[in-house]
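Asks: Here you go, start29.pdb (PDB, N, CA and C atoms, pLDDT in the B column):
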ATOM      1  N   MET A  29       6.281  -2.714  31.987  1.00 66.00           N
ATOM      2  CA  MET A  29       6.914  -3.184  30.773  1.00 66.00           C
ATOM      3  C   MET A  29       6.408  -4.601  30.493  1.00 66.00           C
ATOM      4  N   ILE A  30       6.074  -4.851  29.254  1.00 67.00           N
ATOM      5  CA  ILE A  30       5.555  -6.165  28.864  1.00 67.00           C
ATOM      6  C   ILE A  30       6.587  -6.848  27.983  1.00 67.00           C
ATOM      7  N   HIS A  31       6.850  -8.088  28.292  1.00 72.00           N
ATOM      8  CA  HIS A  31       7.754  -8.901  27.482  1.00 72.00           C
ATOM      9  C   HIS A  31       6.995 -10.136  27.041  1.00 72.00           C
ATOM     10  N   GLY A  32       7.188 -10.544  25.799  1.00 76.00           N
ATOM     11  CA  GLY A  32       6.534 -11.758  25.327  1.00 76.00           C
ATOM     12  C   GLY A  32       5.195 -11.485  24.677  1.00 76.00           C
ATOM     13  N   LEU A  33       4.366 -12.524  24.639  1.00 79.00           N
ATOM     14  CA  LEU A  33       3.079 -12.436  23.975  1.00 79.00           C
ATOM     15  C   LEU A  33       2.123 -11.512  24.712  1.00 79.00           C
ATOM     16  N   VAL A  34       1.260 -10.850  23.965  1.00 82.00           N
ATOM     17  CA  VAL A  34       0.277  -9.936  24.534  1.00 82.00           C
ATOM     18  C   VAL A  34      -1.095 -10.395  24.055  1.00 82.00           C
ATOM     19  N   ASP A  35      -2.055 -10.430  24.961  1.00 88.00           N
ATOM     20  CA  ASP A  35      -3.409 -10.826  24.557  1.00 88.00           C
ATOM     21  C   ASP A  35      -4.101  -9.666  23.843  1.00 88.00           C
ATOM     22  N   LEU A  36      -5.198  -9.961  23.162  1.00 89.00           N
ATOM     23  CA  LEU A  36      -5.894  -8.959  22.359  1.00 89.00           C
ATOM     24  C   LEU A  36      -6.364  -7.752  23.162  1.00 89.00           C
ATOM     25  N   PRO A  37      -6.997  -7.919  24.311  1.00 90.00           N
ATOM     26  CA  PRO A  37      -7.437  -6.726  25.055  1.00 90.00           C
ATOM     27  C   PRO A  37      -6.281  -5.793  25.416  1.00 90.00           C
ATOM     28  N   ARG A  38      -5.161  -6.366  25.820  1.00 89.00           N
ATOM     29  CA  ARG A  38      -4.013  -5.523  26.188  1.00 89.00           C
ATOM     30  C   ARG A  38      -3.419  -4.858  24.943  1.00 89.00           C
ATOM     31  N   ALA A  39      -3.345  -5.596  23.836  1.00 89.00           N
ATOM     32  CA  ALA A  39      -2.832  -5.017  22.593  1.00 89.00           C
ATOM     33  C   ALA A  39      -3.709  -3.852  22.143  1.00 89.00           C
ATOM     34  N   LEU A  40      -5.026  -4.022  22.217  1.00 92.00           N
ATOM     35  CA  LEU A  40      -5.938  -2.947  21.832  1.00 92.00           C
ATOM     36  C   LEU A  40      -5.804  -1.740  22.754  1.00 92.00           C
ATOM     37  N   ALA A  41      -5.589  -1.982  24.030  1.00 93.00           N
ATOM     38  CA  ALA A  41      -5.406  -0.876  24.968  1.00 93.00           C
ATOM     39  C   ALA A  41      -4.170  -0.062  24.597  1.00 93.00           C
ATOM     40  N   HIS A  42      -3.097  -0.749  24.251  1.00 90.00           N
ATOM     41  CA  HIS A  42      -1.869  -0.044  23.843  1.00 90.00           C
ATOM     42  C   HIS A  42      -2.087   0.691  22.530  1.00 90.00           C
ATOM     43  N   TRP A  43      -2.798   0.067  21.594  1.00 90.00           N
ATOM     44  CA  TRP A  43      -3.092   0.695  20.303  1.00 90.00           C
ATOM     45  C   TRP A  43      -3.867   1.996  20.523  1.00 90.00           C
ATOM     46  N   HIS A  44      -4.914   1.935  21.336  1.00 94.00           N
ATOM     47  CA  HIS A  44      -5.729   3.123  21.597  1.00 94.00           C
ATOM     48  C   HIS A  44      -4.928   4.198  22.325  1.00 94.00           C
ATOM     49  N   ALA A  45      -4.068   3.803  23.236  1.00 94.00           N
ATOM     50  CA  ALA A  45      -3.230   4.772  23.941  1.00 94.00           C
ATOM     51  C   ALA A  45      -2.264   5.456  22.980  1.00 94.00           C
ATOM     52  N   ALA A  46      -1.701   4.694  22.061  1.00 93.00           N
ATOM     53  CA  ALA A  46      -0.785   5.280  21.076  1.00 93.00           C
ATOM     54  C   ALA A  46      -1.534   6.256  20.178  1.00 93.00           C
ATOM     55  N   GLU A  47      -2.711   5.875  19.717  1.00 92.00           N
ATOM     56  CA  GLU A  47      -3.502   6.784  18.888  1.00 92.00           C
ATOM     57  C   GLU A  47      -3.882   8.051  19.646  1.00 92.00           C
ATOM     58  N   ALA A  48      -4.254   7.898  20.910  1.00 95.00           N
ATOM     59  CA  ALA A  48      -4.624   9.059  21.716  1.00 95.00           C
ATOM     60  C   ALA A  48      -3.437  10.004  21.909  1.00 95.00           C
ATOM     61  N   ALA A  49      -2.228   9.445  21.909  1.00 96.00           N
ATOM     62  CA  ALA A  49      -1.019  10.254  22.063  1.00 96.00           C
ATOM     63  C   ALA A  49      -0.586  10.892  20.739  1.00 96.00           C
ATOM     64  N   GLY A  50      -1.303  10.557  19.649  1.00 92.00           N
ATOM     65  CA  GLY A  50      -0.973  11.154  18.355  1.00 92.00           C
ATOM     66  C   GLY A  50      -0.006  10.341  17.522  1.00 92.00           C
ATOM     67  N   VAL A  51       0.301   9.139  17.947  1.00 91.00           N
ATOM     68  CA  VAL A  51       1.221   8.288  17.183  1.00 91.00           C
ATOM     69  C   VAL A  51       0.482   7.754  15.960  1.00 91.00           C
ATOM     70  N   ARG A  52       1.072   7.922  14.799  1.00 85.00           N
ATOM     71  CA  ARG A  52       0.494   7.429  13.562  1.00 85.00           C
ATOM     72  C   ARG A  52       1.567   6.680  12.776  1.00 85.00           C
ATOM     73  N   ALA A  53       1.142   5.704  12.023  1.00 81.00           N
ATOM     74  CA  ALA A  53       2.076   4.944  11.185  1.00 81.00           C
ATOM     75  C   ALA A  53       2.457   5.780   9.965  1.00 81.00           C
ATOM     76  N   ALA A  54       3.694   5.631   9.542  1.00 79.00           N
ATOM     77  CA  ALA A  54       4.150   6.305   8.331  1.00 79.00           C
ATOM     78  C   ALA A  54       3.589   5.580   7.112  1.00 79.00           C
ATOM     79  N   PRO A  55       3.334   6.309   6.027  1.00 73.00           N
ATOM     80  CA  PRO A  55       2.870   5.639   4.815  1.00 73.00           C
ATOM     81  C   PRO A  55       3.983   4.727   4.275  1.00 73.00           C
ATOM     82  N   LEU A  56       3.590   3.550   3.860  1.00 73.00           N
ATOM     83  CA  LEU A  56       4.579   2.573   3.393  1.00 73.00           C
ATOM     84  C   LEU A  56       4.594   2.439   1.881  1.00 73.00           C
ATOM     85  N   HIS A  57       4.027   3.399   1.204  1.00 78.00           N
ATOM     86  CA  HIS A  57       3.962   3.344  -0.249  1.00 78.00           C
ATOM     87  C   HIS A  57       4.025   4.760  -0.800  1.00 78.00           C
ATOM     88  N   LEU A  58       4.160   4.870  -2.087  1.00 80.00           N
ATOM     89  CA  LEU A  58       4.251   6.173  -2.736  1.00 80.00           C
ATOM     90  C   LEU A  58       2.976   6.514  -3.495  1.00 80.00           C
ATOM     91  N   LEU A  59       1.899   5.733  -3.243  1.00 81.00           N
ATOM     92  CA  LEU A  59       0.630   5.919  -3.948  1.00 81.00           C
ATOM     93  C   LEU A  59       0.884   5.859  -5.448  1.00 81.00           C
ATOM     94  N   ASP A  60       0.519   6.899  -6.168  1.00 84.00           N
ATOM     95  CA  ASP A  60       0.687   6.852  -7.620  1.00 84.00           C
ATOM     96  C   ASP A  60       1.930   7.604  -8.088  1.00 84.00           C
ATOM     97  N   HIS A  61       2.803   7.967  -7.160  1.00 86.00           N
ATOM     98  CA  HIS A  61       4.027   8.692  -7.505  1.00 86.00           C
ATOM     99  C   HIS A  61       5.077   7.725  -8.044  1.00 86.00           C
ATOM    100  N   THR A  62       5.634   8.067  -9.171  1.00 87.00           N
ATOM    101  CA  THR A  62       6.681   7.253  -9.783  1.00 87.00           C
ATOM    102  C   THR A  62       8.022   7.954  -9.617  1.00 87.00           C
ATOM    103  N   ILE A  63       9.015   7.217  -9.177  1.00 87.00           N
ATOM    104  CA  ILE A  63      10.369   7.771  -9.050  1.00 87.00           C
ATOM    105  C   ILE A  63      11.071   7.586 -10.385  1.00 87.00           C
ATOM    106  N   PRO A  64      11.547   8.672 -10.983  1.00 90.00           N
ATOM    107  CA  PRO A  64      12.216   8.575 -12.280  1.00 90.00           C
ATOM    108  C   PRO A  64      13.505   7.753 -12.177  1.00 90.00           C
ATOM    109  N   PRO A  65      13.845   7.020 -13.238  1.00 92.00           N
ATOM    110  CA  PRO A  65      15.065   6.199 -13.215  1.00 92.00           C
ATOM    111  C   PRO A  65      16.318   6.998 -12.884  1.00 92.00           C
ATOM    112  N   GLU A  66      16.406   8.249 -13.348  1.00 93.00           N
ATOM    113  CA  GLU A  66      17.621   9.041 -13.069  1.00 93.00           C
ATOM    114  C   GLU A  66      17.741   9.344 -11.574  1.00 93.00           C
ATOM    115  N   THR A  67      16.627   9.484 -10.895  1.00 91.00           N
ATOM    116  CA  THR A  67      16.668   9.694  -9.440  1.00 91.00           C
ATOM    117  C   THR A  67      17.152   8.435  -8.734  1.00 91.00           C
ATOM    118  N   LEU A  68      16.632   7.284  -9.135  1.00 88.00           N
ATOM    119  CA  LEU A  68      17.098   6.022  -8.556  1.00 88.00           C
ATOM    120  C   LEU A  68      18.587   5.816  -8.803  1.00 88.00           C
ATOM    121  N   ASN A  69      19.027   6.110 -10.006  1.00 90.00           N
ATOM    122  CA  ASN A  69      20.458   5.957 -10.325  1.00 90.00           C
ATOM    123  C   ASN A  69      21.312   6.898  -9.486  1.00 90.00           C
ATOM    124  N   ALA A  70      20.836   8.126  -9.272  1.00 91.00           N
ATOM    125  CA  ALA A  70      21.589   9.080  -8.445  1.00 91.00           C
ATOM    126  C   ALA A  70      21.657   8.593  -7.001  1.00 91.00           C
ATOM    127  N   LEU A  71      20.565   8.045  -6.485  1.00 88.00           N
ATOM    128  CA  LEU A  71      20.574   7.514  -5.125  1.00 88.00           C
ATOM    129  C   LEU A  71      21.513   6.324  -5.004  1.00 88.00           C
ATOM    130  N   ARG A  72      21.518   5.461  -5.999  1.00 88.00           N
ATOM    131  CA  ARG A  72      22.440   4.321  -5.982  1.00 88.00           C
ATOM    132  C   ARG A  72      23.888   4.801  -5.997  1.00 88.00           C
ATOM    133  N   ALA A  73      24.159   5.827  -6.782  1.00 88.00           N
ATOM    134  CA  ALA A  73      25.522   6.362  -6.853  1.00 88.00           C
ATOM    135  C   ALA A  73      25.939   6.953  -5.514  1.00 88.00           C
ATOM    136  N   LEU A  74      25.029   7.668  -4.855  1.00 85.00           N
ATOM    137  CA  LEU A  74      25.333   8.231  -3.537  1.00 85.00           C
ATOM    138  C   LEU A  74      25.590   7.123  -2.523  1.00 85.00           C
ATOM    139  N   ASN A  75      24.792   6.075  -2.586  1.00 79.00           N
ATOM    140  CA  ASN A  75      24.966   4.956  -1.674  1.00 79.00           C
ATOM    141  C   ASN A  75      26.322   4.297  -1.883  1.00 79.00           C
ATOM    142  N   THR A  76      26.722   4.159  -3.117  1.00 75.00           N
ATOM    143  CA  THR A  76      28.021   3.555  -3.426  1.00 75.00           C
ATOM    144  C   THR A  76      29.153   4.430  -2.905  1.00 75.00           C
ATOM    145  N   LEU A  77      28.995   5.745  -3.039  1.00 70.00           N
ATOM    146  CA  LEU A  77      30.051   6.661  -2.590  1.00 70.00           C
ATOM    147  C   LEU A  77      30.153   6.706  -1.071  1.00 70.00           C
ATOM    148  N   SER A  78      29.015   6.603  -0.373  1.00 64.00           N
ATOM    149  CA  SER A  78      29.049   6.758   1.073  1.00 64.00           C
ATOM    150  C   SER A  78      29.312   5.451   1.814  1.00 64.00           C
ATOM    151  N   ALA A  79      29.169   4.325   1.113  1.00 59.00           N
ATOM    152  CA  ALA A  79      29.383   3.037   1.771  1.00 59.00           C
ATOM    153  C   ALA A  79      30.878   2.805   1.957  1.00 59.00           C
ATOM    154  N   PRO A  80      31.287   2.327   3.127  1.00 61.00           N
ATOM    155  CA  PRO A  80      32.706   2.031   3.321  1.00 61.00           C
ATOM    156  C   PRO A  80      33.123   0.871   2.430  1.00 61.00           C
ATOM    157  N   SER A  81      34.316   0.977   1.901  1.00 60.00           N
ATOM    158  CA  SER A  81      34.799  -0.109   1.043  1.00 60.00           C
ATOM    159  C   SER A  81      35.165  -1.294   1.915  1.00 60.00           C
ATOM    160  N   ARG A  82      34.829  -2.469   1.430  1.00 59.00           N
ATOM    161  CA  ARG A  82      35.101  -3.690   2.195  1.00 59.00           C
ATOM    162  C   ARG A  82      35.745  -4.695   1.263  1.00 59.00           C
ATOM    163  N   SER A  83      36.587  -5.483   1.829  1.00 59.00           N
ATOM    164  CA  SER A  83      37.188  -6.569   1.069  1.00 59.00           C
ATOM    165  C   SER A  83      36.873  -7.874   1.792  1.00 59.00           C
ATOM    166  N   ALA A  84      37.229  -8.972   1.178  1.00 56.00           N
ATOM    167  CA  ALA A  84      36.994 -10.286   1.791  1.00 56.00           C
ATOM    168  C   ALA A  84      37.727 -10.414   3.120  1.00 56.00           C
ATOM    169  N   GLU A  85      38.831  -9.684   3.271  1.00 61.00           N
ATOM    170  CA  GLU A  85      39.588  -9.731   4.528  1.00 61.00           C
ATOM    171  C   GLU A  85      38.849  -9.071   5.682  1.00 61.00           C
ATOM    172  N   ASP A  86      37.900  -8.155   5.367  1.00 59.00           N
ATOM    173  CA  ASP A  86      37.134  -7.465   6.405  1.00 59.00           C
ATOM    174  C   ASP A  86      36.048  -8.336   7.002  1.00 59.00           C
ATOM    175  N   VAL A  87      35.642  -9.367   6.306  1.00 55.00           N
ATOM    176  CA  VAL A  87      34.538 -10.219   6.752  1.00 55.00           C
ATOM    177  C   VAL A  87      35.064 -11.246   7.741  1.00 55.00           C
ATOM    178  N   PRO A  88      34.432 -11.303   8.935  1.00 53.00           N
ATOM    179  CA  PRO A  88      34.927 -12.267   9.938  1.00 53.00           C
ATOM    180  C   PRO A  88      34.654 -13.715   9.536  1.00 53.00           C
TER
END
If you took the structure in this file and wrote it as structure tokens, what would it be?

Replies:
Amino acid sequence: MIHGLVDLPRALAHWHAAEAAGVRAAPLHLLDHTIPPETLNALRALNTLSAPSRSAEDVP
């Protein structure tokens, strides 16, 4: 187990080991796909419904 800073050779060794194991990064963008405003609004509504209600008294 490594804690703290890692030098370049060790970082590259871990990178190559991860790639060899099939680990890949998830895409961090949607390319040219546009999310329609109604979809965003529906997601916001779901988030509002599923979020627990909080008041100022709940905040430590």

Asks: As an exercise, work out the distance from atom C of Asp60 in chain A to atom N of Ala73 in chain A in Å and give it to one decimal place.

Replies: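 Calculated distance between atom C of Asp60 in chain A and atom N of Ala73 in chain A is 22.3 Å.
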
Asks: Rounded to one decimal, what separation in Å do you get between CA of Val34 in chain A and CA of Glu47 in chain A?

Replies: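 Separating CA of Val34 in chain A from CA of Glu47 in chain A is a distance of 18.0 Å.
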
Asks: I'd like the interatomic distance between CA of Arg52 in chain A and atom C of Leu40 in chain A, to a tenth of an Å.

Replies: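 Atom-to-atom, CA of Arg52 in chain A to atom C of Leu40 in chain A, that is 14.4 Å.
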
Asks: Find the smallest box with edges along x, y and z containing every listed atom of range 44-50 of chain A, then add 4 Å on each side and report centre and edge lengths in Å to one decimal, as AutoDock Vina command-line options.

Replies:
--center_x -2.9 --center_y 6.5 --center_z 20.7 --size_x 13.7 --size_y 17.2 --size_z 14.4

Asks: Run DSSP on the backbone and give me the residues of range 38-84 of chain A it puts in helix (DSSP H, G or I), as a PyMOL selection string.

Replies: chain A and resi 38-48+65-78+84
